[in-house]
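Since the structure comes first, as structure tokens, the remarks are kept for the end.
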Amino acid sequence: MSNLPSNLKYAETHEWVSLENDNIVRVGITDFAQQELGDLVFIDLPELGRKLSEKEQCCVVESVKTASDLFSPVAGVVVAVNEAVVDEPERVNDDPFGTWLFCIKADNLSGLDNLLNAQDYQAMIDE
Amino acid sequence: MLKQTPLYQLHLELGAKMVAFGGYHMPIYYPGGIIHEHLHCRSKAGFFDISHMGQCLISGDEAASELERLTPSDIIGLKPGQQKYTVLTNDEGGIIDDIIITRIESGLTVVVNAACKDKDFHYLASQLSNRCHFVELADQALFALQGPIATAIIRKFSASAADLAFMTAHETELEGIKCIISRCGYTGEDGFEISVANDHAEALVRLLLAEKDVIPIGLGARDTLRLEAGLCLYGHELNETITPVEAGLSWIIKKGHSGFPGADTIIRQLQQGPEKIRVGLIVDSKQPIREGSTVFNDNDEIIGHVTSGSFAPSLGKPVAMALLERHYSGLGIRLYAKVRDHQVAATITRLPFIPHRYHR
């Protein structure tokens, strides 16, 4: 059983979400997601400045076998992307909760209310 | 209802992630992951459970001549112990399945793809006359041991097996367990395939896995290994609408043989060239291109589609195979595959991507 960080929120689509200062929301993928995908070989990050609505498809992570979409947990604008994972996608496999993919400046934080806490996300993936 | 191979419990014990494939529960990778397994097979040795594949035995004096009527290859000329990679063709020259035929003492064994097993066995049984005896070898498991140290490992169990030439087989015993062992495989590496009774399968496999530097390898790395080796996979590079000439398998066709289904089309394509042909692509960026992607020339005209594509662990970049209009299939031609809303640039490259290391 993996230990899910309790300070993060989780989407049903297997993103982890961290709320930072100033309505900035940081997003990565969970340990469960990287295990399901296997070795990551390519990450297609959203463009800086792109406006996103809540639950909009905005990023693709590709493993050897398959490509998987990621979704924006909130409405807002992409204000940062982690270029380091473009060169070394395997960082996400090595440290999924320590490796963020993109940050969004949220228009409002209401989308976060739909996310799961660690306990509920754990229950979901245990099903 | 998915079927299990005789090694199902062992796969679980080894921590495999299991998926449905060809009607079976099969391991897609073990805890080390696809890239690790792939690189290990290229540098040491990998063990593959391929028991989902179908095996049958066709016996009788006419077995070879009747099988040769169903394939474009020289089957009559197979000497005892020799094996041949070939295809079953339909009346349009398309491929019903790609198969391996081996002449053993009791007749000809045929190994077929898991997903085609029912189709092939019905077809074979319906096409063969009553002078042939057809029996499915449903109680036989099938494994592969592949990689540069595979021979050294097999030599510990059987010197005669280790001395087999590429694409030959013999019946022998490994640690007292009867099996048919052949020098072949589908990774581009030197290696062996072993057919053994289900009841003895796990015992034999545990012996092989106990050897230093042998790890189990799942279907994920099996696919990337065969892709780098430029080998066709049924349902991807091969199907009932693709001929052996289009698939780049003209080398399997016996000169002067015209008595097989679809021969008119296939021989005409051999003489005039096919309209489409299988090629290798190396991608210029890190973006993998996958099966089904449309391929364009630099005038934005559609010239074909990707049949298989993946990150290639031994090359460290994405590669693909595609079926393209022959006019645009020359080595070095640059083209584009559509992935989501990106045009991904790639270059036509000689196959295989990684040189074969068979023991000739």
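Naming works like this for the structure tokens: A, B, ... for the chains as they're shown, residue 1 at the start of each chain, ligands 1 onward in shown order.
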
Leaving out A:Glu88 and any residue of its chain fewer than 2 positions from it, which residues lie within 10 Å of it when counting only C-alpha atoms, given as a list in words?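 Here the qualifying residues turn out to be Leu40, Val41, Phe42, Ile43, Glu83, Ala84, Val85, Val86, Glu90, Arg91 and Val92 of chain A.
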
Using the chain letters and numbers from this document, which residues of stretch 124-208 of chain B does DSSP assign to alpha helix (DSSP H), as JSON, numbers by chain? {"B": [124, 125, 126, 127, 150, 151, 152, 153, 154, 155, 156, 157, 159, 160, 161, 162, 198, 199, 200, 201, 202, 203, 204, 205, 206, 207, 208]}

What are the residues of chain B that have an atom within 10 Å of an atom of chain A, counting only C-alpha atoms, as a list in words?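 For chain B, the answer reads Lys17, Ile28, Tyr29, Pro31, Gly32, Gly33, Ile34, Ile35, His36, Gly220, Ala221, Asp223, Thr224, Ser285, Lys286, Gln287, Pro288, Arg290, Gly309, Ser310, Phe311, Ala312, Pro313, Gly316, Lys317, Pro318 and Arg340 of chain B.
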
If you count only C-alpha atoms, the residue of A:Asn117, A:Asn21, A:Asn93, A:Thr99 closest to A:Ala33 turns out to be A:Asn93

_For stretch 226-242 of chain B, find every residue with an atom within 7 Å (counting only C-alpha atoms), except residues of its own chain fewer than 2 positions away, and show them as an NGL selection string._
:B and (94-98 or 186-188 or 222-224 or 244 or 246-247 or 307-308 or 312 or 351-356)

Mind dumping a table of every stretch 74-114 of chain A residue within 10 Å of stretch 49-55 of chain A, with the nearest atom pair and its distance in Å to one decimal, using only C-alpha atoms, sorted by chain and rising number, as a Markdown table?
| residue | atom | partner | partner_atom | distance |
| --- | --- | --- | --- | --- |
| A:Val74 | CA | A:Glu54 | CA | 4.4 |
| A:Ala75 | CA | A:Ser53 | CA | 4.2 |
| A:Gly76 | CA | A:Leu52 | CA | 5.4 |
| A:Val77 | CA | A:Lys51 | CA | 4.5 |
| A:Val78 | CA | A:Gly49 | CA | 5.0 |
| A:Val79 | CA | A:Gly49 | CA | 6.0 |
| A:Ala80 | CA | A:Gly49 | CA | 8.5 |
| A:Ile104 | CA | A:Leu52 | CA | 8.6 |
| A:Lys105 | CA | A:Lys51 | CA | 9.6 |
| A:Ala106 | CA | A:Leu52 | CA | 9.2 |
| A:Asp107 | CA | A:Ser53 | CA | 9.3 |
| A:Ser110 | CA | A:Glu54 | CA | 9.5 |
| A:Gly111 | CA | A:Glu54 | CA | 6.7 |
| A:Leu112 | CA | A:Glu54 | CA | 9.7 |

Counting only C-alpha atoms, the residue among A:Ala11, A:Leu101, A:Ile29, A:Leu4 that lies closest to A:Asp113 is A:Ala11

B:Tyr85 proximity check over B:Ile252, B:Val245, B:Leu208, B:Met53, using only C-alpha atoms: winner is B:Ile252

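Here atom CA of B:Tyr24 is placed at a distance of 5.6 Å from atom CA of B:Gln4.
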
Here is a test: counting only C-alpha atoms, which residue of A:Asp95, A:Ile24, A:Val61, A:Phe102 is nearest to A:Pro46?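 When distances to A:Pro46 are compared using only C-alpha atoms, the smallest one comes from A:Phe102.
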
Counting only C-alpha atoms, closest pick from B:Arg103, B:Lys338, B:Lys178, B:His38 relative to B:Ile76 is B:Arg103

Find the residues around B:Leu7 up to 9 Å (only C-alpha atoms counted), leave out those fewer than 3 positions away in its own chain, and share them as a PyMOL selection string. chain B and resi 4+10-12+49+51+141+198+201-202+205

File of the preceding selection, all heavy atoms, as a tab-separated table (two decimals), in the first residue's frame:
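Dumped to out.tsv:
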chain	number	residue	atom	x	y	z
B	4	GLN	N	-6.08	-19.35	-18.94
B	4	GLN	CA	-4.79	-19.19	-18.26
B	4	GLN	C	-3.77	-20.13	-18.90
B	4	GLN	O	-4.11	-21.24	-19.29
B	4	GLN	CB	-4.93	-19.57	-16.77
B	4	GLN	CG	-5.90	-18.68	-16.03
B	4	GLN	CD	-6.08	-19.11	-14.57
B	4	GLN	OE1	-5.50	-20.11	-14.14
B	4	GLN	NE2	-6.87	-18.35	-13.84
B	10	LEU	N	2.57	-18.69	-11.54
B	10	LEU	CA	3.96	-18.24	-11.47
B	10	LEU	C	4.08	-16.77	-11.86
B	10	LEU	O	4.82	-16.01	-11.24
B	10	LEU	CB	4.84	-19.11	-12.39
B	10	LEU	CG	6.33	-18.78	-12.43
B	10	LEU	CD1	6.98	-18.88	-11.05
B	10	LEU	CD2	7.06	-19.69	-13.42
B	11	HIS	N	3.33	-16.36	-12.88
B	11	HIS	CA	3.36	-14.93	-13.26
B	11	HIS	C	2.92	-14.06	-12.09
B	11	HIS	O	3.52	-13.02	-11.82
B	11	HIS	CB	2.44	-14.67	-14.46
B	11	HIS	CG	2.88	-15.34	-15.73
B	11	HIS	ND1	4.16	-15.28	-16.20
B	11	HIS	CD2	2.19	-16.10	-16.62
B	11	HIS	CE1	4.26	-15.96	-17.32
B	11	HIS	NE2	3.08	-16.48	-17.60
B	12	LEU	N	1.86	-14.49	-11.39
B	12	LEU	CA	1.38	-13.71	-10.24
B	12	LEU	C	2.45	-13.68	-9.16
B	12	LEU	O	2.73	-12.63	-8.57
B	12	LEU	CB	0.08	-14.31	-9.69
B	12	LEU	CG	-1.13	-14.31	-10.63
B	12	LEU	CD1	-2.36	-14.85	-9.88
B	12	LEU	CD2	-1.42	-12.93	-11.19
B	49	ASP	N	6.82	-16.43	-21.60
B	49	ASP	CA	5.75	-17.43	-21.71
B	49	ASP	C	4.95	-17.10	-22.97
B	49	ASP	O	4.33	-16.04	-23.05
B	49	ASP	CB	4.84	-17.35	-20.48
B	49	ASP	CG	3.70	-18.37	-20.53
B	49	ASP	OD1	3.75	-19.29	-21.38
B	49	ASP	OD2	2.76	-18.23	-19.73
B	51	SER	N	2.78	-19.49	-24.23
B	51	SER	CA	1.87	-20.65	-24.26
B	51	SER	C	0.49	-20.31	-24.80
B	51	SER	O	-0.31	-21.20	-25.07
B	51	SER	CB	1.71	-21.24	-22.86
B	51	SER	OG	2.96	-21.58	-22.33
B	141	ALA	N	2.75	-26.48	-23.55
B	141	ALA	CA	3.11	-25.09	-23.28
B	141	ALA	C	4.22	-24.68	-24.25
B	141	ALA	O	4.85	-25.54	-24.88
B	141	ALA	CB	3.58	-24.94	-21.84
B	198	ASN	N	2.24	-29.34	-20.64
B	198	ASN	CA	1.75	-28.43	-19.60
B	198	ASN	C	2.15	-28.89	-18.20
B	198	ASN	O	2.52	-28.08	-17.35
B	198	ASN	CB	0.22	-28.34	-19.66
B	198	ASN	CG	-0.26	-27.48	-20.83
B	198	ASN	OD1	0.51	-26.71	-21.39
B	198	ASN	ND2	-1.52	-27.63	-21.18
B	201	ALA	N	5.63	-27.91	-17.38
B	201	ALA	CA	6.02	-26.56	-17.78
B	201	ALA	C	6.64	-25.79	-16.61
B	201	ALA	O	7.75	-25.26	-16.72
B	201	ALA	CB	4.79	-25.81	-18.31
B	202	GLU	N	5.93	-25.74	-15.49
B	202	GLU	CA	6.40	-24.88	-14.41
B	202	GLU	C	7.75	-25.35	-13.87
B	202	GLU	O	8.63	-24.54	-13.56
B	202	GLU	CB	5.36	-24.81	-13.29
B	202	GLU	CG	5.74	-23.76	-12.26
B	202	GLU	CD	4.70	-23.59	-11.16
B	202	GLU	OE1	3.49	-23.76	-11.45
B	202	GLU	OE2	5.11	-23.29	-10.04
B	205	VAL	N	10.43	-24.22	-16.22
B	205	VAL	CA	10.60	-22.76	-16.20
B	205	VAL	C	11.33	-22.33	-14.93
B	205	VAL	O	12.18	-21.43	-14.96
B	205	VAL	CB	9.23	-22.07	-16.31
B	205	VAL	CG1	9.36	-20.58	-16.07
B	205	VAL	CG2	8.64	-22.33	-17.69

Separation of atom CA of A:Val81 and atom CA of A:Cys103, in Å?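 Taking atom CA of A:Val81 as the start and atom CA of A:Cys103 as the end point, the length is 6.3 Å.
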
Just the residues within 12 Å of A:Ala123, please, counting only C-alpha atoms, with nothing from its chain fewer than 3 positions along; format it as a CSV table (one decimal) with all heavy atoms, in the first residue's frame.
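Generated output (selection_11.csv):
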chain,number,residue,atom,x,y,z
A,1,MET,N,0.9,-1.2,0.0
A,1,MET,CA,0.0,0.0,0.0
A,1,MET,C,0.9,1.2,0.0
A,1,MET,O,1.7,1.4,0.8
A,1,MET,CB,-0.9,-0.1,1.3
A,1,MET,CG,-2.1,0.9,1.3
A,1,MET,SD,-3.3,0.6,0.0
A,1,MET,CE,-3.3,-1.2,-0.3
A,4,LEU,N,-0.2,7.9,0.6
A,4,LEU,CA,-0.5,9.0,-0.2
A,4,LEU,C,-0.3,10.3,0.7
A,4,LEU,O,-0.8,10.3,1.8
A,4,LEU,CB,-2.0,9.0,-0.6
A,4,LEU,CG,-2.4,7.9,-1.6
A,4,LEU,CD1,-3.9,7.8,-1.7
A,4,LEU,CD2,-1.8,8.3,-2.9
A,10,TYR,N,-6.8,15.0,-4.8
A,10,TYR,CA,-6.7,14.0,-5.9
A,10,TYR,C,-7.9,14.1,-6.8
A,10,TYR,O,-9.0,14.1,-6.3
A,10,TYR,CB,-6.5,12.6,-5.3
A,10,TYR,CG,-5.3,12.5,-4.4
A,10,TYR,CD1,-5.3,12.8,-3.1
A,10,TYR,CD2,-4.1,12.2,-5.0
A,10,TYR,CE1,-4.2,12.8,-2.3
A,10,TYR,CE2,-2.9,12.1,-4.2
A,10,TYR,CZ,-3.0,12.4,-2.8
A,10,TYR,OH,-1.8,12.4,-2.1
A,12,GLU,N,-10.2,12.2,-9.8
A,12,GLU,CA,-10.6,10.8,-10.1
A,12,GLU,C,-9.8,10.3,-11.4
A,12,GLU,O,-9.7,9.1,-11.6
A,12,GLU,CB,-12.1,10.7,-10.4
A,12,GLU,CG,-12.9,10.8,-9.2
A,12,GLU,CD,-14.4,10.8,-9.4
A,12,GLU,OE1,-14.8,10.7,-10.6
A,12,GLU,OE2,-15.2,10.9,-8.5
A,116,LEU,N,-10.8,14.7,-4.4
A,116,LEU,CA,-10.8,13.7,-3.3
A,116,LEU,C,-9.7,14.0,-2.3
A,116,LEU,O,-8.6,14.5,-2.7
A,116,LEU,CB,-10.7,12.3,-3.8
A,116,LEU,CG,-11.7,11.9,-4.9
A,116,LEU,CD1,-11.3,10.6,-5.5
A,116,LEU,CD2,-13.1,11.8,-4.3
A,117,ASN,N,-9.9,13.7,-1.1
A,117,ASN,CA,-8.8,13.7,-0.1
A,117,ASN,C,-8.0,12.4,-0.2
A,117,ASN,O,-8.5,11.5,-0.9
A,117,ASN,CB,-9.2,14.0,1.3
A,117,ASN,CG,-10.1,13.0,1.9
A,117,ASN,OD1,-10.1,11.8,1.5
A,117,ASN,ND2,-11.0,13.4,2.8
A,118,ALA,N,-6.9,12.3,0.5
A,118,ALA,CA,-6.1,11.1,0.3
A,118,ALA,C,-6.8,9.8,0.6
A,118,ALA,O,-6.7,8.8,-0.1
A,118,ALA,CB,-4.8,11.2,1.2
A,119,GLN,N,-7.6,9.9,1.7
A,119,GLN,CA,-8.3,8.7,2.1
A,119,GLN,C,-9.3,8.2,1.1
A,119,GLN,O,-9.4,7.0,0.8
A,119,GLN,CB,-9.0,9.0,3.5
A,119,GLN,CG,-9.5,7.8,4.2
A,119,GLN,CD,-10.2,8.2,5.5
A,119,GLN,OE1,-10.2,9.4,5.9
A,119,GLN,NE2,-10.7,7.3,6.2
A,120,ASP,N,-10.1,9.2,0.5
A,120,ASP,CA,-11.1,8.8,-0.4
A,120,ASP,C,-10.5,8.4,-1.8
A,120,ASP,O,-11.0,7.5,-2.4
A,120,ASP,CB,-12.1,10.0,-0.7
A,120,ASP,CG,-12.9,10.3,0.5
A,120,ASP,OD1,-13.0,9.4,1.4
A,120,ASP,OD2,-13.5,11.4,0.6
A,126,ASP,N,-8.5,1.4,-4.5
A,126,ASP,CA,-8.5,0.0,-3.9
A,126,ASP,C,-9.7,-0.8,-4.5
A,126,ASP,O,-9.7,-2.0,-4.3
A,126,ASP,CB,-8.6,0.1,-2.4
A,126,ASP,CG,-7.3,0.5,-1.7
A,126,ASP,OD1,-6.3,0.5,-2.4
A,126,ASP,OD2,-7.4,0.9,-0.6
A,127,GLU,N,-10.7,-0.1,-5.1
A,127,GLU,CA,-11.8,-0.8,-5.6
A,127,GLU,C,-11.5,-1.8,-6.7
A,127,GLU,O,-10.7,-1.5,-7.6
A,127,GLU,CB,-12.9,0.2,-6.1
A,127,GLU,CG,-13.8,0.6,-4.9
A,127,GLU,CD,-14.8,1.7,-5.4
A,127,GLU,OE1,-15.1,1.8,-6.6
A,127,GLU,OE2,-15.4,2.4,-4.5

**Message:** Residues within 9 Å of stretch 145-152 of chain B, please, as number ranges by chain. Count only C-alpha atoms; anything in the same chain fewer than 2 positions from it doesn't count.
**Reply:** B: 40-48, 143, 154-156, 161-163, 184-194, 208, 213-214, 357

- request: Write out as a VMD selection string all residues of stretch 105-335 of chain B that backbone DSSP assigns to strand (DSSP E).
  value: chain B and resid 107 to 112 133 to 136 140 to 146 169 to 174 177 to 182 191 to 197 214 to 216 276 to 283 294 to 296 302 to 312 317 to 325 334 to 335

Worksheet item: If you count only C-alpha atoms, which residues fall within 10 Å of B:His25, apart from same-chain ones fewer than 5 positions away, as a list in words?
Response: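 Neighbouring residues, sequence-local ones excluded: Met1, Leu2, Lys3, Gln4, Thr5, Tyr8, His11, Lys17, Met18, Val19, Ala20 and His52 of chain B.
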
Expected file: the selected residues, C-alpha atoms, as a PDB file, in the first residue's frame:
ATOM      1  CA  MET B   1     -13.867 -16.009 -19.961  1.00  0.00           C
ATOM      2  CA  LEU B   2     -10.104 -15.572 -20.231  1.00  0.00           C
ATOM      3  CA  LYS B   3      -7.940 -18.667 -20.288  1.00  0.00           C
ATOM      4  CA  GLN B   4      -4.792 -19.191 -18.257  1.00  0.00           C
ATOM      5  CA  THR B   5      -1.475 -20.597 -19.385  1.00  0.00           C
ATOM      6  CA  TYR B   8      -0.504 -18.229 -14.588  1.00  0.00           C
ATOM      7  CA  HIS B  11       3.358 -14.934 -13.262  1.00  0.00           C
ATOM      8  CA  LYS B  17       0.864  -6.992 -14.260  1.00  0.00           C
ATOM      9  CA  MET B  18      -1.619  -9.162 -16.139  1.00  0.00           C
ATOM     10  CA  VAL B  19      -3.694  -8.134 -19.150  1.00  0.00           C
ATOM     11  CA  ALA B  20      -6.094  -9.842 -21.546  1.00  0.00           C
ATOM     12  CA  HIS B  52      -1.081 -18.602 -25.496  1.00  0.00           C
TER      13      HIS B  52
END

Point out the residue among B:Gln271, B:Leu335, B:Glu173, B:Leu315 with the least atom-to-atom distance to B:Glu301, counting only C-alpha atoms.
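Of B:Gln271, B:Leu335, B:Glu173, B:Leu315, the one nearest B:Glu301, counting only C-alpha atoms, is B:Leu335.
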